[in-house]
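Engineer: Structure incoming, see below.
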Amino acid sequence: MAIISIASTKGGVGKTSLAFSLAKDLDYRYATNDMSVVLQKYKNARYYPRKIPLYDNTVYDFGGFDAEHSEEILRNSDIILVPTTNDANSLMKSLIFIQKYKEKTILVFANMIDHPSDAQTIRTKIHEHFPNLAFTYLRRTKLLKNALEFGMSATELYESTKHTQHRYKQAYADYYKILSLFTTDGLYFRAPRS
Ligand SMILES: Nc1ncnc2c1ncn2[C@@H]1O[C@H](COP(=O)(O)OP(=O)(O)O)[C@@H](O)[C@H]1O
Ligand SMILES: [Mg+2]
């Protein structure tokens, strides 16, 4: 049982794709302050243009700014996932965001990674500022995009055929590291370690 928020002030870094898939895999609500196609694809998805209610068992997808309305939820989240991509602007925005919520349990995930060494570069930069922050990465993949298109979670798409298991093997392994934070050992939630 957990309140999971995915937030960044930068768009296009993968918040919505990941939020939907995690919500569907965990059978959680998906709540967002940002219009997204997920609303058409997932029955437990809700759009709140103004104040978002605080619910347990929910993945919050916080697009754009709107700090005012997301602040309370972020403060009450069990974990905040902060996506960042391999560019200076994305990284800077993530660092500013992390600074603001540094008392919280945060997992930074570098997204759309072309090579694991890029992830290491990002990890090093993050750790220069926040030495103990939990970090993981998701390589560049069509897994989440295709899953969302079919209205499937990453797990559902990955498991659907031998072909998809082969095609998405690596990407699913990356994704599973994040998913398993909420499922391992029958515990629905445990804090990530860095
Ligand atoms: N790991 C990834 N590799 C490649 N493309 C990705 C990855 N994660 C997300 N994307 C794509 O990037 C685009 C933006 O993702 P989205 O989830 O909408 O970001 P945000 O919600 O942060 O704006 C989408 O086309 C999505 O399919
Ligand atoms: Mg989005």
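Labels for the structure tokens follow display order: chains A, B, ..., residues from 1 in each chain, ligands from 1.
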Taking only residues of chain A that have an atom at most 7 Å from an atom of ligand 1, what is each one's shortest atom pair and its distance in Å to one decimal, using only C-alpha atoms and all ligand atoms, in chain and number order, as a tab-separated table?
Structural biologist:
```
residue	atom	partner	partner_atom_place_in_ligand_line	distance
A:Lys10	CA	ligand 1	22 (O)	6.7
A:Gly11	CA	ligand 1	23 (O)	3.9
A:Gly12	CA	ligand 1	23 (O)	3.3
A:Val13	CA	ligand 1	22 (O)	3.9
A:Gly14	CA	ligand 1	17 (O)	3.3
A:Lys15	CA	ligand 1	22 (O)	3.8
A:Thr16	CA	ligand 1	21 (O)	3.7
A:Ser17	CA	ligand 1	17 (O)	3.7
A:Leu18	CA	ligand 1	17 (O)	6.3
A:Gly63	CA	ligand 1	21 (O)	6.1
A:Asn111	CA	ligand 1	1 (N)	5.1
A:Met112	CA	ligand 1	1 (N)	4.1
A:Ile113	CA	ligand 1	1 (N)	6.9
A:Leu138	CA	ligand 1	1 (N)	5.3
A:Arg139	CA	ligand 1	1 (N)	5.1
A:Arg140	CA	ligand 1	3 (N)	3.3
A:Thr141	CA	ligand 1	3 (N)	3.9
A:Lys142	CA	ligand 1	4 (C)	5.6
A:Leu144	CA	ligand 1	27 (O)	6.0
A:Lys145	CA	ligand 1	27 (O)	3.8
```
Engineer: Find the spatial neighbours of Ser70 (chain A), counting only C-alpha atoms, within a cut-off of 12 Å - ignore same-chain residues fewer than 2 positions away - and output them as a short mmCIF file (atom, residue, chain, number, x, y, z; two decimals) with N, CA and C atoms, in the first residue's frame.
Structural biologist:
```cif
data_model
loop_
_atom_site.label_atom_id
_atom_site.label_comp_id
_atom_site.auth_asym_id
_atom_site.auth_seq_id
_atom_site.Cartn_x
_atom_site.Cartn_y
_atom_site.Cartn_z
N SER A 5 4.29 9.15 -6.17
CA SER A 5 4.18 10.31 -7.06
C SER A 5 5.32 10.28 -8.07
N ILE A 6 5.00 10.64 -9.29
CA ILE A 6 6.01 10.79 -10.31
C ILE A 6 5.96 12.24 -10.74
N ALA A 7 7.05 12.93 -10.55
CA ALA A 7 6.99 14.37 -10.76
C ALA A 7 8.29 14.90 -11.33
N SER A 8 8.13 15.87 -12.20
CA SER A 8 9.28 16.65 -12.67
C SER A 8 8.69 17.88 -13.30
N THR A 9 9.44 18.94 -13.30
CA THR A 9 8.92 20.17 -13.90
C THR A 9 9.18 20.19 -15.40
N ALA A 31 -3.85 9.12 -10.93
CA ALA A 31 -4.43 10.46 -10.81
C ALA A 31 -3.46 11.48 -11.37
N THR A 32 -3.99 12.42 -12.13
CA THR A 32 -3.10 13.39 -12.76
C THR A 32 -3.73 14.77 -12.81
N ASN A 33 -2.86 15.77 -12.86
CA ASN A 33 -3.32 17.15 -13.05
C ASN A 33 -3.05 17.59 -14.49
N ASP A 34 -2.73 16.61 -15.31
CA ASP A 34 -2.31 16.89 -16.67
C ASP A 34 -3.12 15.97 -17.58
N TYR A 48 -7.69 15.55 -12.50
CA TYR A 48 -8.13 16.60 -11.58
C TYR A 48 -7.46 17.91 -11.98
N PRO A 49 -8.18 18.78 -12.68
CA PRO A 49 -7.55 20.02 -13.14
C PRO A 49 -7.21 20.95 -11.99
N ARG A 50 -7.92 20.83 -10.87
CA ARG A 50 -7.62 21.72 -9.74
C ARG A 50 -7.03 20.93 -8.59
N LYS A 51 -7.75 20.86 -7.50
CA LYS A 51 -7.16 20.18 -6.34
C LYS A 51 -7.27 18.67 -6.50
N ILE A 52 -6.17 18.00 -6.32
CA ILE A 52 -6.17 16.54 -6.43
C ILE A 52 -6.36 15.94 -5.05
N PRO A 53 -7.30 15.00 -4.89
CA PRO A 53 -7.47 14.39 -3.57
C PRO A 53 -6.33 13.45 -3.23
N LEU A 54 -6.11 13.32 -1.94
CA LEU A 54 -5.07 12.40 -1.46
C LEU A 54 -5.70 11.04 -1.21
N TYR A 60 0.38 9.08 -8.66
CA TYR A 60 0.13 10.46 -9.09
C TYR A 60 1.11 10.84 -10.19
N ASP A 61 0.54 11.31 -11.27
CA ASP A 61 1.36 11.76 -12.41
C ASP A 61 1.26 13.29 -12.46
N PHE A 62 2.29 13.95 -12.00
CA PHE A 62 2.29 15.40 -11.93
C PHE A 62 3.05 16.02 -13.09
N GLY A 63 2.29 16.48 -14.06
CA GLY A 63 2.92 17.11 -15.21
C GLY A 63 3.15 18.57 -14.98
N GLY A 64 4.13 19.08 -15.62
CA GLY A 64 4.38 20.52 -15.63
C GLY A 64 4.60 21.12 -14.25
N PHE A 65 4.14 22.31 -14.08
CA PHE A 65 4.42 23.09 -12.86
C PHE A 65 3.37 22.74 -11.81
N ASP A 66 2.43 23.64 -11.60
CA ASP A 66 1.31 23.38 -10.74
C ASP A 66 1.72 22.90 -9.35
N ALA A 67 2.84 23.44 -8.89
CA ALA A 67 3.37 23.03 -7.59
C ALA A 67 2.32 23.21 -6.50
N GLU A 68 1.53 24.26 -6.65
CA GLU A 68 0.54 24.59 -5.64
C GLU A 68 -0.37 23.41 -5.33
N GLU A 72 0.84 19.23 -1.58
CA GLU A 72 0.35 18.44 -0.44
C GLU A 72 0.50 16.94 -0.71
N ILE A 73 0.18 16.56 -1.92
CA ILE A 73 0.30 15.15 -2.28
C ILE A 73 1.77 14.72 -2.24
N LEU A 74 2.62 15.57 -2.78
CA LEU A 74 4.04 15.22 -2.78
C LEU A 74 4.57 15.06 -1.35
N ARG A 75 4.13 15.96 -0.48
CA ARG A 75 4.58 15.90 0.92
C ARG A 75 4.07 14.63 1.61
N ASN A 76 2.95 14.12 1.14
CA ASN A 76 2.36 12.92 1.77
C ASN A 76 2.67 11.62 1.03
N SER A 77 3.47 11.71 -0.01
CA SER A 77 3.78 10.51 -0.78
C SER A 77 4.78 9.63 -0.02
N ILE A 80 8.70 9.55 -4.07
CA ILE A 80 8.57 10.40 -5.26
C ILE A 80 9.59 9.89 -6.29
#
```
Engineer: Please run DSSP on the backbone and report, as number ranges by chain, all residues within chain A that come out as strand (DSSP E or B).
Structural biologist: A: 3-7, 29-32, 45-47, 58-62, 79-84, 106-113, 134-139
Engineer: A:Ala171, A:Leu91, A:Met35, A:Ile4: which is nearest ligand 2, counting only C-alpha atoms and all ligand atoms?
Structural biologist: A:Met35
Engineer: Among region 30-165 of chain A, which residues does DSSP mark as helix (DSSP H, G or I) when it is run on the backbone? Keep the chain and numbering as in the structure and answer as a VMD selection string.
Structural biologist: chain A and resid 38 to 41 67 to 76 88 to 100 116 to 129 143 to 149 154 to 160 162 to 165
Engineer: Env of Gln120 (chain A): 12 Å cut, atoms = only C-alpha atoms, seq-sep filter 2 positions within chain, self excluded. Answer as a list of chain:residue names.
Structural biologist: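 Neighbouring residues, sequence-local ones excluded: A:Asn86, A:Phe109, A:Ala110, A:Ile113, A:Asp114, A:His115, A:Pro116, A:Ser117, A:Asp118, A:Ile122, A:Arg123, A:Thr124, A:Lys125, A:Ile126, A:His127, A:Phe135, A:Thr136, A:Tyr137.
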Engineer: Go ahead and save the picked residues with all heavy atoms, as a short mmCIF file (atom, residue, chain, number, x, y, z; two decimals), in the first residue's frame.
Structural biologist:
```
data_model
loop_
_atom_site.label_atom_id
_atom_site.label_comp_id
_atom_site.auth_asym_id
_atom_site.auth_seq_id
_atom_site.Cartn_x
_atom_site.Cartn_y
_atom_site.Cartn_z
N ASN A 86 19.05 12.51 -20.19
CA ASN A 86 20.47 12.83 -20.30
C ASN A 86 20.70 14.17 -21.00
O ASN A 86 21.32 14.23 -22.04
CB ASN A 86 21.18 11.70 -21.05
CG ASN A 86 22.69 11.87 -21.00
OD1 ASN A 86 23.22 12.55 -20.12
ND2 ASN A 86 23.38 11.26 -21.96
N PHE A 109 15.06 8.34 -11.49
CA PHE A 109 15.32 7.39 -12.58
C PHE A 109 15.66 8.15 -13.85
O PHE A 109 14.95 9.04 -14.29
CB PHE A 109 14.23 6.34 -12.74
CG PHE A 109 12.98 6.79 -13.42
CD1 PHE A 109 12.80 6.57 -14.78
CD2 PHE A 109 11.98 7.41 -12.71
CE1 PHE A 109 11.63 6.97 -15.42
CE2 PHE A 109 10.82 7.81 -13.33
CZ PHE A 109 10.63 7.60 -14.69
N ALA A 110 16.81 7.78 -14.36
CA ALA A 110 17.26 8.33 -15.62
C ALA A 110 16.51 7.58 -16.71
O ALA A 110 16.48 6.35 -16.72
CB ALA A 110 18.76 8.14 -15.76
N ILE A 113 17.69 6.07 -21.67
CA ILE A 113 19.14 5.91 -21.66
C ILE A 113 19.58 5.09 -22.88
O ILE A 113 19.06 4.00 -23.12
CB ILE A 113 19.56 5.21 -20.34
CG1 ILE A 113 19.33 6.16 -19.16
CG2 ILE A 113 20.99 4.72 -20.39
CD1 ILE A 113 20.11 7.45 -19.23
N ASP A 114 20.52 5.65 -23.64
CA ASP A 114 21.01 4.94 -24.83
C ASP A 114 22.14 3.99 -24.48
O ASP A 114 22.33 2.98 -25.14
CB ASP A 114 21.50 5.96 -25.87
CG ASP A 114 20.34 6.73 -26.46
OD1 ASP A 114 19.37 6.07 -26.93
OD2 ASP A 114 20.36 7.97 -26.44
N HIS A 115 22.88 4.34 -23.46
CA HIS A 115 23.99 3.48 -23.07
C HIS A 115 24.14 3.54 -21.55
O HIS A 115 24.04 4.63 -20.98
CB HIS A 115 25.27 3.95 -23.75
CG HIS A 115 26.38 2.94 -23.63
ND1 HIS A 115 27.19 2.87 -22.51
CD2 HIS A 115 26.77 1.95 -24.45
CE1 HIS A 115 28.05 1.86 -22.67
NE2 HIS A 115 27.81 1.28 -23.84
N PRO A 116 24.37 2.41 -20.89
CA PRO A 116 24.49 2.42 -19.43
C PRO A 116 25.50 3.45 -18.92
O PRO A 116 25.32 3.99 -17.82
CB PRO A 116 24.94 1.00 -19.09
CG PRO A 116 24.37 0.17 -20.20
CD PRO A 116 24.42 1.03 -21.43
N SER A 117 26.52 3.76 -19.70
CA SER A 117 27.50 4.74 -19.23
C SER A 117 26.87 6.13 -19.10
O SER A 117 27.29 6.94 -18.26
CB SER A 117 28.72 4.79 -20.16
OG SER A 117 28.35 5.34 -21.40
N ASP A 118 25.83 6.40 -19.90
CA ASP A 118 25.11 7.68 -19.75
C ASP A 118 24.40 7.72 -18.40
O ASP A 118 24.33 8.77 -17.75
CB ASP A 118 24.06 7.87 -20.86
CG ASP A 118 24.71 8.01 -22.23
OD1 ASP A 118 25.89 8.39 -22.29
OD2 ASP A 118 24.02 7.74 -23.23
N ILE A 122 24.93 10.45 -15.27
CA ILE A 122 23.84 11.16 -14.57
C ILE A 122 23.88 10.85 -13.08
O ILE A 122 23.76 11.74 -12.24
CB ILE A 122 22.47 10.75 -15.16
CG1 ILE A 122 22.39 11.17 -16.63
CG2 ILE A 122 21.34 11.38 -14.37
CD1 ILE A 122 21.16 10.65 -17.36
N ARG A 123 24.10 9.58 -12.77
CA ARG A 123 24.16 9.18 -11.37
C ARG A 123 25.26 9.97 -10.63
O ARG A 123 25.05 10.47 -9.52
CB ARG A 123 24.46 7.68 -11.26
CG ARG A 123 24.54 7.19 -9.81
CD ARG A 123 25.36 5.92 -9.69
NE ARG A 123 24.71 4.77 -10.30
CZ ARG A 123 24.10 3.80 -9.61
NH1 ARG A 123 24.07 3.84 -8.31
NH2 ARG A 123 23.55 2.80 -10.23
N THR A 124 26.42 10.08 -11.26
CA THR A 124 27.53 10.80 -10.64
C THR A 124 27.17 12.26 -10.38
O THR A 124 27.43 12.80 -9.31
CB THR A 124 28.79 10.73 -11.55
OG1 THR A 124 29.07 9.35 -11.78
CG2 THR A 124 29.98 11.40 -10.92
N LYS A 125 26.53 12.86 -11.37
CA LYS A 125 26.14 14.28 -11.21
C LYS A 125 25.12 14.45 -10.09
O LYS A 125 25.21 15.40 -9.30
CB LYS A 125 25.59 14.82 -12.52
CG LYS A 125 26.69 15.05 -13.55
CD LYS A 125 26.13 15.60 -14.85
CE LYS A 125 27.25 15.76 -15.89
NZ LYS A 125 26.70 15.72 -17.26
N ILE A 126 24.17 13.55 -10.02
CA ILE A 126 23.17 13.63 -8.96
C ILE A 126 23.84 13.45 -7.59
O ILE A 126 23.58 14.18 -6.64
CB ILE A 126 22.09 12.54 -9.15
CG1 ILE A 126 21.41 12.69 -10.50
CG2 ILE A 126 21.12 12.50 -7.97
CD1 ILE A 126 20.09 13.36 -10.54
N HIS A 127 24.73 12.47 -7.53
CA HIS A 127 25.36 12.15 -6.24
C HIS A 127 26.36 13.21 -5.79
O HIS A 127 26.69 13.28 -4.61
CB HIS A 127 25.99 10.75 -6.30
CG HIS A 127 24.97 9.66 -6.16
ND1 HIS A 127 25.26 8.33 -6.35
CD2 HIS A 127 23.65 9.71 -5.85
CE1 HIS A 127 24.14 7.61 -6.16
NE2 HIS A 127 23.16 8.44 -5.87
N PHE A 135 18.92 5.59 -7.04
CA PHE A 135 19.01 5.89 -8.47
C PHE A 135 18.83 4.61 -9.28
O PHE A 135 19.34 3.56 -8.92
CB PHE A 135 20.40 6.48 -8.77
CG PHE A 135 20.64 6.79 -10.22
CD1 PHE A 135 20.36 8.05 -10.73
CD2 PHE A 135 21.13 5.82 -11.09
CE1 PHE A 135 20.56 8.34 -12.08
CE2 PHE A 135 21.34 6.09 -12.43
CZ PHE A 135 21.05 7.36 -12.93
N THR A 136 18.09 4.73 -10.35
CA THR A 136 18.01 3.62 -11.30
C THR A 136 17.80 4.20 -12.70
O THR A 136 17.72 5.41 -12.85
CB THR A 136 16.90 2.61 -10.91
OG1 THR A 136 17.03 1.43 -11.70
CG2 THR A 136 15.51 3.20 -11.13
N TYR A 137 17.75 3.34 -13.68
CA TYR A 137 17.53 3.89 -15.03
C TYR A 137 16.69 2.95 -15.88
O TYR A 137 16.56 1.76 -15.60
CB TYR A 137 18.85 4.23 -15.73
CG TYR A 137 19.68 3.03 -16.13
CD1 TYR A 137 19.51 2.42 -17.38
CD2 TYR A 137 20.62 2.50 -15.27
CE1 TYR A 137 20.27 1.33 -17.76
CE2 TYR A 137 21.39 1.40 -15.63
CZ TYR A 137 21.20 0.82 -16.87
OH TYR A 137 21.94 -0.28 -17.24
#
```
Engineer: Can you work out the spacing between CA of Leu133 (chain A) and CA of Leu107 (chain A) in Å, to one decimal?
Structural biologist: 6.8 Å
Engineer: For ligand 2, which residue out of A:Pro83, A:Ala2, A:Asp27, A:Ser160 is the nearest one, using only C-alpha atoms and all ligand atoms?
Structural biologist: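 Of all the options, A:Pro83 lies closest to ligand 2.
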Engineer: Which of these residues is nearest to Ala154 (chain A), using only C-alpha atoms: A:Val82, A:Ala19, A:Ala88, A:Ile3?
Structural biologist: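 Going through A:Val82, A:Ala19, A:Ala88, A:Ile3 one by one, the smallest distance to Ala154 (chain A) is for A:Ala19.
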Engineer: Provide the CA of Tyr42 (chain A) to CA of Ser90 (chain A) distance in Å, to one decimal place.
Structural biologist: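 So the two atoms, CA of Tyr42 (chain A) and CA of Ser90 (chain A), lie 28.2 Å apart.
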